[in-house]
>>> print(open('structure-v8.cif').read())   # mmCIF, C-alpha atoms and all ligand atoms
data_final
loop_
_atom_site.label_atom_id
_atom_site.label_comp_id
_atom_site.auth_asym_id
_atom_site.auth_seq_id
_atom_site.Cartn_x
_atom_site.Cartn_y
_atom_site.Cartn_z
CA MET B 1 -81.41 187.84 216.81
CA ALA B 2 -80.79 185.67 213.77
CA ILE B 3 -79.84 182.08 212.98
CA GLY B 4 -78.17 181.28 209.66
CA TYR B 5 -75.83 179.07 207.72
CA THR B 6 -72.29 179.73 206.54
CA PHE B 7 -73.37 179.09 202.96
CA ASP B 8 -76.53 181.20 203.18
CA ASN B 9 -76.40 184.35 205.26
CA CYS B 10 -79.82 185.54 204.07
CA VAL B 11 -80.68 186.79 207.57
CA ASP B 12 -77.69 189.17 207.75
CA LEU B 13 -76.26 187.58 210.90
CA TYR B 14 -73.61 190.21 211.54
CA ALA B 15 -76.16 193.03 211.72
CA ASN B 16 -77.87 191.47 214.73
CA ASP B 17 -77.33 191.85 218.46
CA LEU B 18 -77.03 188.09 218.66
CA GLY B 19 -76.31 185.67 215.84
CA LEU B 20 -76.04 181.90 215.74
CA LEU B 21 -74.03 180.71 212.76
CA ALA B 22 -74.77 177.02 212.23
CA ILE B 23 -71.69 174.88 211.67
CA THR B 24 -72.56 171.79 209.67
CA ARG B 25 -71.03 168.44 208.85
CA GLY B 26 -72.91 166.87 205.98
CA ASP B 27 -76.62 167.42 206.70
CA GLU B 28 -76.10 167.77 210.42
CA ILE B 29 -75.70 170.91 212.53
CA ILE B 30 -72.83 170.07 214.87
CA GLY B 31 -72.78 173.44 216.66
CA TYR B 32 -72.94 177.20 216.35
CA ASN B 33 -70.58 180.12 216.32
CA LEU B 34 -72.13 182.65 218.65
CA LEU B 35 -71.85 186.21 217.31
CA ALA B 36 -72.75 189.22 219.42
CA GLY B 37 -72.92 192.97 219.26
CA GLY B 38 -74.13 193.83 215.79
CA GLY B 39 -76.45 196.81 215.37
CA MET B 40 -77.08 199.55 212.83
CA GLY B 41 -78.60 202.38 214.86
CA VAL B 42 -76.86 205.75 214.94
CA THR B 43 -78.16 208.92 216.57
CA PRO B 44 -76.96 211.87 214.46
CA SER B 45 -76.68 214.23 217.42
CA ALA B 46 -74.72 211.75 219.55
CA LYS B 47 -71.16 211.16 218.40
CA LYS B 48 -70.84 208.30 220.89
CA THR B 49 -73.22 206.19 218.77
CA PHE B 50 -72.02 204.08 215.85
CA PRO B 51 -72.99 201.08 213.74
CA ALA B 52 -71.25 197.78 214.38
CA VAL B 53 -71.06 194.32 212.91
CA ALA B 54 -71.22 191.47 215.41
CA LYS B 55 -68.07 189.94 216.87
CA ARG B 56 -67.27 186.23 216.84
CA ILE B 57 -67.43 185.22 220.51
CA CYS B 58 -67.37 181.43 220.88
CA TYR B 59 -68.37 178.02 219.54
CA VAL B 60 -71.13 176.06 221.27
CA THR B 61 -72.64 172.63 220.70
CA PRO B 62 -76.42 172.46 220.21
CA GLU B 63 -76.76 171.31 223.85
CA GLU B 64 -74.76 174.30 225.13
CA THR B 65 -76.44 176.89 222.93
CA MET B 66 -79.39 178.06 225.03
CA LYS B 67 -77.28 178.33 228.17
CA ALA B 68 -74.70 180.42 226.31
CA VAL B 69 -77.42 182.64 224.80
CA GLU B 70 -78.89 183.12 228.27
CA ALA B 71 -75.45 184.10 229.59
CA VAL B 72 -75.16 186.79 226.88
CA PHE B 73 -78.62 188.12 227.83
CA LYS B 74 -77.62 188.26 231.47
CA VAL B 75 -74.41 190.16 230.74
CA GLN B 76 -76.40 192.73 228.78
CA ARG B 77 -79.04 192.83 231.52
CA ASP B 78 -76.47 193.54 234.20
CA TYR B 79 -73.92 195.65 232.29
CA GLY B 80 -75.88 197.24 229.43
CA ASN B 81 -76.33 200.97 229.89
CA ARG B 82 -79.63 201.58 231.68
CA GLU B 83 -79.27 205.34 231.99
CA ASP B 84 -78.61 206.50 228.45
CA ARG B 85 -80.96 204.91 225.93
CA LYS B 86 -78.78 206.03 223.01
CA VAL B 87 -76.04 203.63 224.06
CA ALA B 88 -78.17 200.91 225.61
CA ARG B 89 -77.35 198.22 223.03
CA LEU B 90 -75.07 195.24 223.49
CA LYS B 91 -72.65 196.57 220.86
CA TYR B 92 -71.58 199.34 223.24
CA VAL B 93 -70.81 196.90 226.06
CA ILE B 94 -68.55 194.96 223.70
CA ALA B 95 -66.97 198.12 222.27
CA ASN B 96 -66.21 199.38 225.79
CA TRP B 97 -64.80 196.10 227.08
CA GLY B 98 -63.32 194.42 224.02
CA VAL B 99 -64.16 190.86 222.96
CA GLU B 100 -61.85 189.15 225.45
CA LYS B 101 -63.34 190.78 228.54
CA PHE B 102 -66.87 190.31 227.19
CA LYS B 103 -66.27 186.62 226.56
CA ALA B 104 -64.81 186.20 230.06
CA LYS B 105 -67.92 187.77 231.56
CA VAL B 106 -70.19 185.53 229.46
CA GLU B 107 -68.17 182.52 230.69
CA GLU B 108 -68.70 183.67 234.26
CA TYR B 109 -72.49 183.64 233.79
CA TYR B 110 -72.29 180.44 231.73
CA GLY B 111 -70.35 178.72 234.49
CA GLY B 112 -67.31 177.52 232.59
CA PRO B 113 -65.02 178.09 229.62
CA LEU B 114 -66.46 178.48 226.13
CA ALA B 115 -64.58 177.22 223.06
CA ASP B 116 -63.10 179.61 220.51
CA PRO B 117 -65.25 180.15 217.39
CA ASP B 118 -65.00 177.53 214.66
CA PRO B 119 -62.92 178.89 211.73
CA ALA B 120 -65.95 178.53 209.42
CA ASP B 121 -67.63 181.81 208.54
CA VAL B 122 -70.30 183.21 206.23
CA HIS B 123 -69.38 182.72 202.59
CA GLY B 124 -72.68 182.58 200.71
CA HIS B 125 -75.98 184.39 200.39
CA ASN B 126 -79.27 183.43 198.79
CA ASP B 127 -82.30 185.70 198.60
CA HIS B 128 -84.55 182.69 197.88
CA MET B 129 -86.42 184.49 195.12
CA GLY B 130 -88.15 182.47 192.41
CA TRP B 131 -88.97 178.77 192.57
CA ASP B 132 -87.21 176.25 194.77
CA GLN B 133 -87.99 172.79 196.08
CA GLN B 134 -88.76 172.35 199.77
CA GLY B 135 -87.42 168.80 199.91
CA ASP B 136 -90.82 167.22 200.58
CA GLY B 137 -92.11 167.22 197.03
CA ARG B 138 -93.63 170.70 197.38
CA TRP B 139 -92.25 174.03 196.22
CA PHE B 140 -91.85 177.53 197.52
CA TYR B 141 -91.84 180.75 195.55
CA GLY B 142 -89.92 183.85 196.59
CA LEU B 143 -91.74 186.97 195.44
CA ASN B 144 -89.63 190.10 195.36
CA VAL B 145 -91.54 192.98 196.99
CA GLU B 146 -89.78 196.25 196.25
CA ASN B 147 -88.92 197.85 199.60
CA GLY B 148 -91.53 195.65 201.26
CA ARG B 149 -94.41 197.88 200.13
CA ILE B 150 -97.56 195.92 199.30
CA LYS B 151 -100.08 198.13 197.56
CA ASP B 152 -102.16 198.35 194.41
CA THR B 153 -101.26 200.85 191.71
CA ALA B 154 -102.71 201.39 188.24
CA GLU B 155 -99.88 199.31 186.69
CA MET B 156 -99.40 196.65 189.34
CA ARG B 157 -102.11 195.30 191.66
CA LEU B 158 -99.69 193.60 194.04
CA LYS B 159 -101.95 193.65 197.09
CA THR B 160 -104.86 192.08 195.21
CA ALA B 161 -102.55 189.51 193.61
CA ILE B 162 -101.14 188.43 196.98
CA ARG B 163 -104.66 188.18 198.39
CA GLU B 164 -105.69 185.95 195.48
CA VAL B 165 -102.61 183.73 195.84
CA CYS B 166 -103.43 183.32 199.55
CA THR B 167 -107.12 182.60 199.10
CA THR B 168 -106.78 180.21 196.15
CA LEU B 169 -103.53 178.33 196.89
CA ARG B 170 -103.49 178.67 200.71
CA PRO B 171 -99.67 178.79 200.86
CA THR B 172 -97.65 179.12 204.04
CA ILE B 173 -96.01 182.54 204.30
CA ARG B 174 -92.52 183.60 205.31
CA LEU B 175 -91.22 187.17 205.26
CA THR B 176 -87.54 187.51 204.36
CA ALA B 177 -84.90 189.75 205.92
CA HIS B 178 -84.79 191.49 202.55
CA GLN B 179 -88.43 192.64 202.72
CA SER B 180 -89.85 189.98 200.40
CA ILE B 181 -92.31 187.07 200.68
CA LEU B 182 -91.91 183.32 200.40
CA PHE B 183 -95.07 181.40 199.48
CA GLY B 184 -94.54 177.85 200.74
CA ASP B 185 -96.17 174.42 200.40
CA ILE B 186 -97.09 174.91 196.75
CA ALA B 187 -97.90 171.70 194.87
CA ALA B 188 -95.88 171.18 191.69
CA ASP B 189 -99.02 171.38 189.53
CA SER B 190 -100.05 174.72 191.11
CA ARG B 191 -96.90 176.56 190.10
CA GLY B 192 -98.36 177.77 186.82
CA GLN B 193 -101.46 179.05 188.62
CA LEU B 194 -99.37 181.15 191.02
CA GLU B 195 -97.44 182.67 188.15
CA SER B 196 -100.57 183.43 186.19
CA ILE B 197 -102.20 185.16 189.19
CA LEU B 198 -99.16 187.39 189.52
CA ARG B 199 -98.94 188.13 185.80
CA SER B 200 -102.65 188.86 185.44
CA HIS B 201 -102.29 191.58 188.08
CA GLY B 202 -99.26 193.14 186.41
CA VAL B 203 -96.82 191.77 189.00
CA LYS B 204 -93.42 190.94 187.60
CA LEU B 205 -91.99 187.56 188.54
CA SER B 206 -88.86 187.83 190.67
CA GLU B 207 -86.82 186.38 187.80
CA GLU B 208 -87.84 189.35 185.62
CA ILE B 209 -86.64 192.01 188.05
CA SER B 210 -83.18 193.50 187.52
CA THR B 211 -80.41 192.23 189.78
CA VAL B 212 -79.77 195.67 191.27
CA ARG B 213 -83.43 196.21 192.16
CA ARG B 214 -83.77 192.71 193.57
CA TRP B 215 -80.85 193.31 195.95
CA SER B 216 -81.88 196.80 197.02
CA MET B 217 -84.04 197.85 199.93
CA ALA B 218 -85.20 200.95 201.74
CA CYS B 219 -86.77 201.75 205.07
CA VAL B 220 -90.27 203.23 205.19
CA ALA B 221 -89.23 206.81 206.06
CA TRP B 222 -91.80 209.38 204.93
CA PRO B 223 -94.75 209.37 205.37
CA THR B 224 -94.75 206.50 207.88
CA CYS B 225 -91.80 207.15 210.17
CA GLY B 226 -91.77 210.17 212.44
CA LEU B 227 -87.96 210.11 212.64
CA SER B 228 -87.33 210.39 208.90
CA ILE B 229 -85.32 213.31 207.56
CA THR B 230 -85.52 212.35 203.87
CA GLU B 231 -87.52 210.17 201.53
CA SER B 232 -86.41 206.55 201.28
CA GLU B 233 -88.95 203.91 200.24
CA ARG B 234 -90.54 206.33 197.77
CA ALA B 235 -87.19 207.66 196.47
CA LEU B 236 -85.15 204.52 195.93
CA PRO B 237 -87.20 203.05 193.04
CA GLY B 238 -86.54 206.17 190.91
CA ILE B 239 -82.82 206.08 191.73
CA ILE B 240 -82.72 202.39 190.82
CA ASP B 241 -84.42 203.24 187.48
CA GLN B 242 -81.44 205.45 186.62
CA ILE B 243 -78.87 203.00 187.95
CA GLU B 244 -80.37 200.14 185.92
CA VAL B 245 -79.76 202.12 182.72
CA GLU B 246 -76.16 202.90 183.65
CA LEU B 247 -75.35 199.33 184.70
CA ALA B 248 -76.83 197.98 181.46
CA ARG B 249 -74.79 200.50 179.45
CA LEU B 250 -71.62 199.35 181.21
CA GLY B 251 -72.44 195.65 180.82
CA LEU B 252 -72.76 195.25 184.59
CA ALA B 253 -76.47 194.41 184.75
CA ASN B 254 -75.84 190.96 186.22
CA GLU B 255 -73.48 192.19 188.91
CA LYS B 256 -74.79 191.24 192.35
CA PHE B 257 -74.44 193.94 195.01
CA THR B 258 -76.60 195.59 197.62
CA ILE B 259 -77.95 199.15 197.66
CA ARG B 260 -79.81 200.15 200.80
CA MET B 261 -81.40 203.47 201.65
CA THR B 262 -82.73 204.95 204.87
CA GLY B 263 -84.49 208.20 205.68
CA CYS B 264 -82.26 208.89 208.68
CA PRO B 265 -79.10 207.52 210.31
CA ASN B 266 -80.99 205.05 212.51
CA GLY B 267 -80.25 202.51 209.83
CA CYS B 268 -83.43 200.41 209.79
CA ALA B 269 -82.67 199.06 206.28
CA ARG B 270 -79.14 198.09 207.37
CA PRO B 271 -77.26 200.64 205.22
CA TYR B 272 -73.92 200.32 207.02
CA ASN B 273 -72.82 196.82 206.02
CA CYS B 274 -73.94 196.75 202.36
CA ASP B 275 -72.06 197.62 199.15
CA VAL B 276 -73.79 200.99 198.74
CA GLY B 277 -75.50 202.69 201.68
CA LEU B 278 -77.59 205.85 201.21
CA VAL B 279 -78.49 207.48 204.50
CA GLY B 280 -80.75 210.53 204.80
CA LYS B 281 -78.77 213.39 206.30
CA SER B 282 -80.80 216.55 205.73
CA ARG B 283 -83.84 217.35 203.65
CA GLY B 284 -83.26 215.82 200.18
CA LYS B 285 -79.61 215.01 200.91
CA TYR B 286 -77.88 211.73 201.64
CA THR B 287 -74.62 210.39 202.98
CA VAL B 288 -73.21 207.80 200.59
CA PHE B 289 -71.34 204.83 202.05
CA LEU B 290 -69.36 202.30 199.99
CA GLY B 291 -67.32 199.18 200.58
CA GLY B 292 -69.55 196.78 202.51
CA ARG B 293 -70.70 193.59 200.87
CA LEU B 294 -73.53 191.16 200.40
CA LEU B 295 -72.18 188.90 203.14
CA GLY B 296 -72.77 191.73 205.60
CA ASP B 297 -69.72 190.91 207.72
CA ARG B 298 -67.99 194.28 207.51
CA LEU B 299 -68.95 197.95 207.73
CA ASN B 300 -68.79 200.23 204.72
CA PHE B 301 -67.02 203.61 204.77
CA LEU B 302 -68.25 207.15 204.24
CA TYR B 303 -67.67 208.18 200.64
CA LYS B 304 -69.56 211.48 200.22
CA ASP B 305 -71.76 213.50 202.50
CA MET B 306 -74.75 215.72 201.74
CA VAL B 307 -75.34 214.39 198.22
CA PRO B 308 -78.59 215.75 196.76
CA GLU B 309 -81.05 213.03 195.77
CA GLU B 310 -80.79 213.86 192.06
CA GLU B 311 -76.99 213.48 192.19
CA VAL B 312 -76.93 210.06 193.81
CA ALA B 313 -77.27 208.02 190.59
CA PRO B 314 -74.70 210.11 188.63
CA LEU B 315 -72.27 209.86 191.57
CA LEU B 316 -72.64 206.09 191.64
CA GLY B 317 -72.34 206.02 187.83
CA HIS B 318 -68.70 207.13 188.21
CA VAL B 319 -68.06 204.39 190.75
CA PHE B 320 -69.58 201.78 188.45
CA ALA B 321 -67.51 202.99 185.49
CA TYR B 322 -64.30 202.82 187.55
CA PHE B 323 -65.30 199.37 188.79
CA LYS B 324 -65.83 198.23 185.22
CA GLN B 325 -62.42 199.55 184.17
CA ASP B 326 -60.24 198.55 187.12
CA ARG B 327 -61.81 195.59 188.91
CA GLN B 328 -59.74 192.52 189.54
CA SER B 329 -61.16 189.19 188.48
CA GLU B 330 -64.17 188.08 190.53
CA GLU B 331 -63.93 191.25 192.64
CA THR B 332 -67.29 192.46 193.92
CA LEU B 333 -68.27 196.12 193.87
CA GLY B 334 -67.86 196.38 197.64
CA ASP B 335 -64.44 194.71 197.59
CA PHE B 336 -63.35 197.00 194.78
CA CYS B 337 -64.43 200.14 196.65
CA LEU B 338 -62.71 198.94 199.81
CA ARG B 339 -59.46 198.32 197.88
CA LYS B 340 -59.55 201.75 196.24
CA GLY B 341 -60.73 203.80 199.20
CA ALA B 342 -62.72 207.04 199.30
CA GLU B 343 -59.92 209.33 198.17
CA ASP B 344 -58.98 207.33 195.09
CA LEU B 345 -62.62 206.82 194.09
CA ALA B 346 -63.30 210.55 194.40
CA ALA B 347 -60.18 211.51 192.43
CA TRP B 348 -61.15 209.16 189.62
CA ALA B 349 -64.70 210.54 189.56
CA ASP B 350 -63.36 214.10 189.37
CA SER B 351 -61.03 213.30 186.47
CA ARG B 352 -63.82 211.45 184.63
CA THR B 353 -66.18 214.38 185.13
CA ALA B 354 -63.54 216.74 183.73
CA SER B 355 -62.83 214.56 180.74
CA LEU B 356 -66.55 214.08 179.99
CA ALA B 357 -67.00 217.86 180.18
CA ALA B 358 -64.07 218.42 177.81
CA THR B 359 -65.49 216.04 175.20
CA ALA B 360 -69.04 217.37 175.48
S1 LIG B 401 -83.99 204.54 209.30
FE1 LIG B 401 -85.95 204.93 208.29
S2 LIG B 401 -87.51 203.77 209.39
FE2 LIG B 401 -85.64 203.86 210.65
S3 LIG B 401 -85.97 205.58 212.03
FE3 LIG B 401 -84.86 206.36 210.24
S4 LIG B 401 -86.40 207.06 208.76
FE4 LIG B 401 -87.42 205.79 210.32
#
>>> encode(input="structure-v8.cif", output="structure tokens")
Amino acid sequence: MAIGYTFDNCVDLYANDLGLLAITRGDEIIGYNLLAGGGMGVTPSAKKTFPAVAKRICYVTPEETMKAVEAVFKVQRDYGNREDRKVARLKYVIANWGVEKFKAKVEEYYGGPLADPDPADVHGHNDHMGWDQQGDGRWFYGLNVENGRIKDTAEMRLKTAIREVCTTLRPTIRLTAHQSILFGDIAADSRGQLESILRSHGVKLSEEISTVRRWSMACVAWPTCGLSITESERALPGIIDQIEVELARLGLANEKFTIRMTGCPNGCARPYNCDVGLVGKSRGKYTVFLGGRLLGDRLNFLYKDMVPEEEVAPLLGHVFAYFKQDRQSEETLGDFCLRKGAEDLAAWADSRTASLAATA
């Protein structure tokens, strides 16, 4: 479950079973759009399973919200599949019934009609990295943690640095839906101290990390997850290294888009609603999805299957080059891929490969 704002969908509302999208007037929350039925999990052996983004069900005032949420829970309790765990999620109830029937059933449990969703929808996203003011004179700092892995290495003693920040500055801690950390309640005159602790341990400040790395994430996969088929957390950094070079070469280094990788189709790093999804399919091979977006409100589409790990970055390099050449103004990578479609993207990549080979 997630609660977010239209202008800041940092919690990826549409990927959740239940989402409350706050509708605001000025500084006041006047109500919520209730979203239901998002979920990323897919079981490879079960064709009946699929990822879904949540559907917009109704609008509720703050006073009506808990009762409406309870009604959704009760519908799932009474009509969710209790016999087949693979399809036990709320998204399957909604897929089987359709939104209209689902809403009618929620209204039955709620005890009256529920208003249609407010037209407002998600239109912004902020990862909250770097410094920002809290509004009470104090500051918070968003520290980008690559794939959420906190450990010490010879080059970067991240774990020790975080321990020192916690013991010396005693910040409050928030974990973000993008696997990073927010240190809160930092006094203005302690900001330099936090930065120097990070730097002295070889930890890059969030502002120094490339845009593509900052907006990427991976699930744990090997060696932690018993369900993993491929590497993920340990593979993505190397792929991002290659992608960073290509994006810089194409002048696209500041382009904001999401790359997410998982070690199996269960989708724990939400690879089905991002710009570029890399999903472990068989040992060392990935399914590549394109066409989602940062806002997370639509699913991406399957572009190529069974792509060996070492071919992922070159494959995406073609997509980036095409994007650079043919994008419309302000078009994001995901929007571009959606407009072109898998067939056109593949045909362009083939012709580029042929022409590069001819000139080599
Ligand atoms: S997506 Fe990743 S963490 Fe989730 S079950 Fe698969 S391998 Fe494990």
>>> closest_atom_pairs(input="structure-v8.cif", of="stretch 168-247 of chain B", to="stretch 153-156 of chain B", cutoff="8 Å", atoms="only C-alpha atoms", output="Markdown table")
| residue | atom | partner | partner_atom | distance |
| --- | --- | --- | --- | --- |
| B:His201 | CA | B:Met156 | CA | 6.0 |
| B:Gly202 | CA | B:Met156 | CA | 4.6 |
| B:Val203 | CA | B:Met156 | CA | 5.5 |
>>> closest_atom_pairs(input="structure-v8.cif", of="chain B", to="ligand LIG 401 (chain B)", cutoff="10 Å", atoms="all atoms listed in the file", output="Markdown table")
| residue | atom | partner | partner_atom | distance |
| --- | --- | --- | --- | --- |
| B:Met40 | CA | B:LIG401 | S1 | 9.2 |
| B:Gly41 | CA | B:LIG401 | S1 | 8.0 |
| B:Val42 | CA | B:LIG401 | S1 | 9.2 |
| B:Thr43 | CA | B:LIG401 | FE3 | 9.6 |
| B:Ala218 | CA | B:LIG401 | FE1 | 7.7 |
| B:Cys219 | CA | B:LIG401 | FE1 | 4.6 |
| B:Val220 | CA | B:LIG401 | S2 | 5.1 |
| B:Ala221 | CA | B:LIG401 | S4 | 3.9 |
| B:Trp222 | CA | B:LIG401 | S4 | 7.0 |
| B:Pro223 | CA | B:LIG401 | S4 | 9.3 |
| B:Thr224 | CA | B:LIG401 | FE4 | 7.8 |
| B:Cys225 | CA | B:LIG401 | FE4 | 4.6 |
| B:Gly226 | CA | B:LIG401 | FE4 | 6.5 |
| B:Leu227 | CA | B:LIG401 | FE4 | 4.9 |
| B:Ser228 | CA | B:LIG401 | S4 | 3.5 |
| B:Ile229 | CA | B:LIG401 | S4 | 6.5 |
| B:Thr230 | CA | B:LIG401 | S4 | 7.3 |
| B:Glu231 | CA | B:LIG401 | S4 | 7.9 |
| B:Ser232 | CA | B:LIG401 | FE1 | 7.2 |
| B:Glu233 | CA | B:LIG401 | FE1 | 8.7 |
| B:Met261 | CA | B:LIG401 | S1 | 8.1 |
| B:Thr262 | CA | B:LIG401 | S1 | 4.6 |
| B:Gly263 | CA | B:LIG401 | S4 | 3.8 |
| B:Cys264 | CA | B:LIG401 | FE3 | 3.9 |
| B:Pro265 | CA | B:LIG401 | S1 | 5.8 |
| B:Asn266 | CA | B:LIG401 | S1 | 4.4 |
| B:Gly267 | CA | B:LIG401 | S1 | 4.3 |
| B:Cys268 | CA | B:LIG401 | FE2 | 4.2 |
| B:Ala269 | CA | B:LIG401 | S1 | 6.4 |
| B:Arg270 | CA | B:LIG401 | S1 | 8.3 |
| B:Pro271 | CA | B:LIG401 | S1 | 8.8 |
| B:Val279 | CA | B:LIG401 | S1 | 7.9 |
| B:Gly280 | CA | B:LIG401 | S4 | 7.7 |
>>> residues_around(input="structure-v8.cif", residues="B:Glu331", least_positions_apart="3", cutoff="12 Å", atoms="only C-alpha atoms", output="MDAnalysis selection string")
chainID B and resid 255:257 291 293 323:328 334:340
>>> atom_distance(input="structure-v8.cif", atom1="atom CA of B:Thr6", atom2="atom CA of B:His123")
5.7 Å
>>> residues_near_point(input="structure-v8.cif", point="(-67.4, 198.1, 226.4)", cutoff="12 Å", atoms="only C-alpha atoms", output="ChimeraX atom specification")
/B:37,75-76,79-81,87-103,105
>>> residues_around(input="structure-v8.cif", residues="B:Gly296", least_positions_apart="2", cutoff="9 Å", atoms="only C-alpha atoms", output="list of chain:residue names")
B:Asn9, B:Asp12, B:Leu13, B:Tyr14, B:Ala15, B:Val53, B:Val122, B:Tyr272, B:Asn273, B:Cys274, B:Asp275, B:Gly292, B:Arg293, B:Leu294, B:Arg298, B:Leu299
>>> closest_residue(input="structure-v8.cif", among="B:Leu21, B:Met217, B:Ala248, B:Leu198", to="B:Ile162", atoms="all atoms listed in the file")
B:Leu198
>>> atom_distance(input="structure-v8.cif", atom1="atom CA of B:Gly19", atom2="atom CA of B:Arg77")
17.5 Å
>>> residues_around(input="structure-v8.cif", residues="B:Glu63", least_positions_apart="4", cutoff="10 Å", atoms="only C-alpha atoms", output="MDAnalysis selection string")
chainID B and resid 30:31 67:68
>>> axis_aligned_box(input="structure-v8.cif", around="stretch 310-319 of chain B", padding_each_side="8 Å", output="lines of an AutoDock Vina configuration file")
center_x = -74.4
center_y = 209.1
center_z = 190.8
size_x = 28.7
size_y = 25.5
size_z = 22.0
>>> closest_residue(input="structure-v8.cif", among="B:Ala120, B:Leu34, B:Ala187, B:Ile197", to="B:Cys166", atoms="only C-alpha atoms")
B:Ile197
>>> atom_distance(input="structure-v8.cif", atom1="atom CA of B:Glu343", atom2="atom CA of B:Asn254")
27.1 Å
>>> closest_residue(input="structure-v8.cif", among="B:Met1, B:Ala346, B:Ala54, B:Leu205", to="B:Glu146", atoms="all atoms listed in the file")
B:Leu205
>>> closest_residue(input="structure-v8.cif", among="B:Tyr141, B:Phe183, B:Phe73, B:Tyr32", to="B:Pro117", atoms="all atoms listed in the file")
B:Tyr32
>>> closest_residue(input="structure-v8.cif", among="B:Tyr322, B:Thr61, B:Ile243, B:Leu333", to="B:Arg352", atoms="all atoms listed in the file")
B:Tyr322
>>> residues_near_point(input="structure-v8.cif", point="(-86.9, 183.9, 192.0)", cutoff="9 Å", atoms="all atoms listed in the file", output="short mmCIF file (atom, residue, chain, number, x, y, z; two decimals) with C-alpha atoms, in the coordinates of the input")
data_model
loop_
_atom_site.label_atom_id
_atom_site.label_comp_id
_atom_site.auth_asym_id
_atom_site.auth_seq_id
_atom_site.Cartn_x
_atom_site.Cartn_y
_atom_site.Cartn_z
CA ASP B 127 -82.30 185.70 198.60
CA HIS B 128 -84.55 182.69 197.88
CA MET B 129 -86.42 184.49 195.12
CA GLY B 130 -88.15 182.47 192.41
CA TRP B 131 -88.97 178.77 192.57
CA ASP B 132 -87.21 176.25 194.77
CA TYR B 141 -91.84 180.75 195.55
CA GLY B 142 -89.92 183.85 196.59
CA LEU B 143 -91.74 186.97 195.44
CA ASN B 144 -89.63 190.10 195.36
CA LEU B 205 -91.99 187.56 188.54
CA SER B 206 -88.86 187.83 190.67
CA GLU B 207 -86.82 186.38 187.80
CA GLU B 208 -87.84 189.35 185.62
#
>>> residues_around(input="structure-v8.cif", residues="stretch 306-313 of chain B", least_positions_apart="5", cutoff="12 Å", atoms="all atoms listed in the file", output="NGL selection string")
:B and (230-232 or 234-247 or 259 or 261 or 263 or 276-289 or 318-320)
>>> closest_residue(input="structure-v8.cif", among="B:Leu18, B:Ala115, B:Ala188, B:Val60", to="B:Arg138", atoms="only C-alpha atoms")
B:Ala188
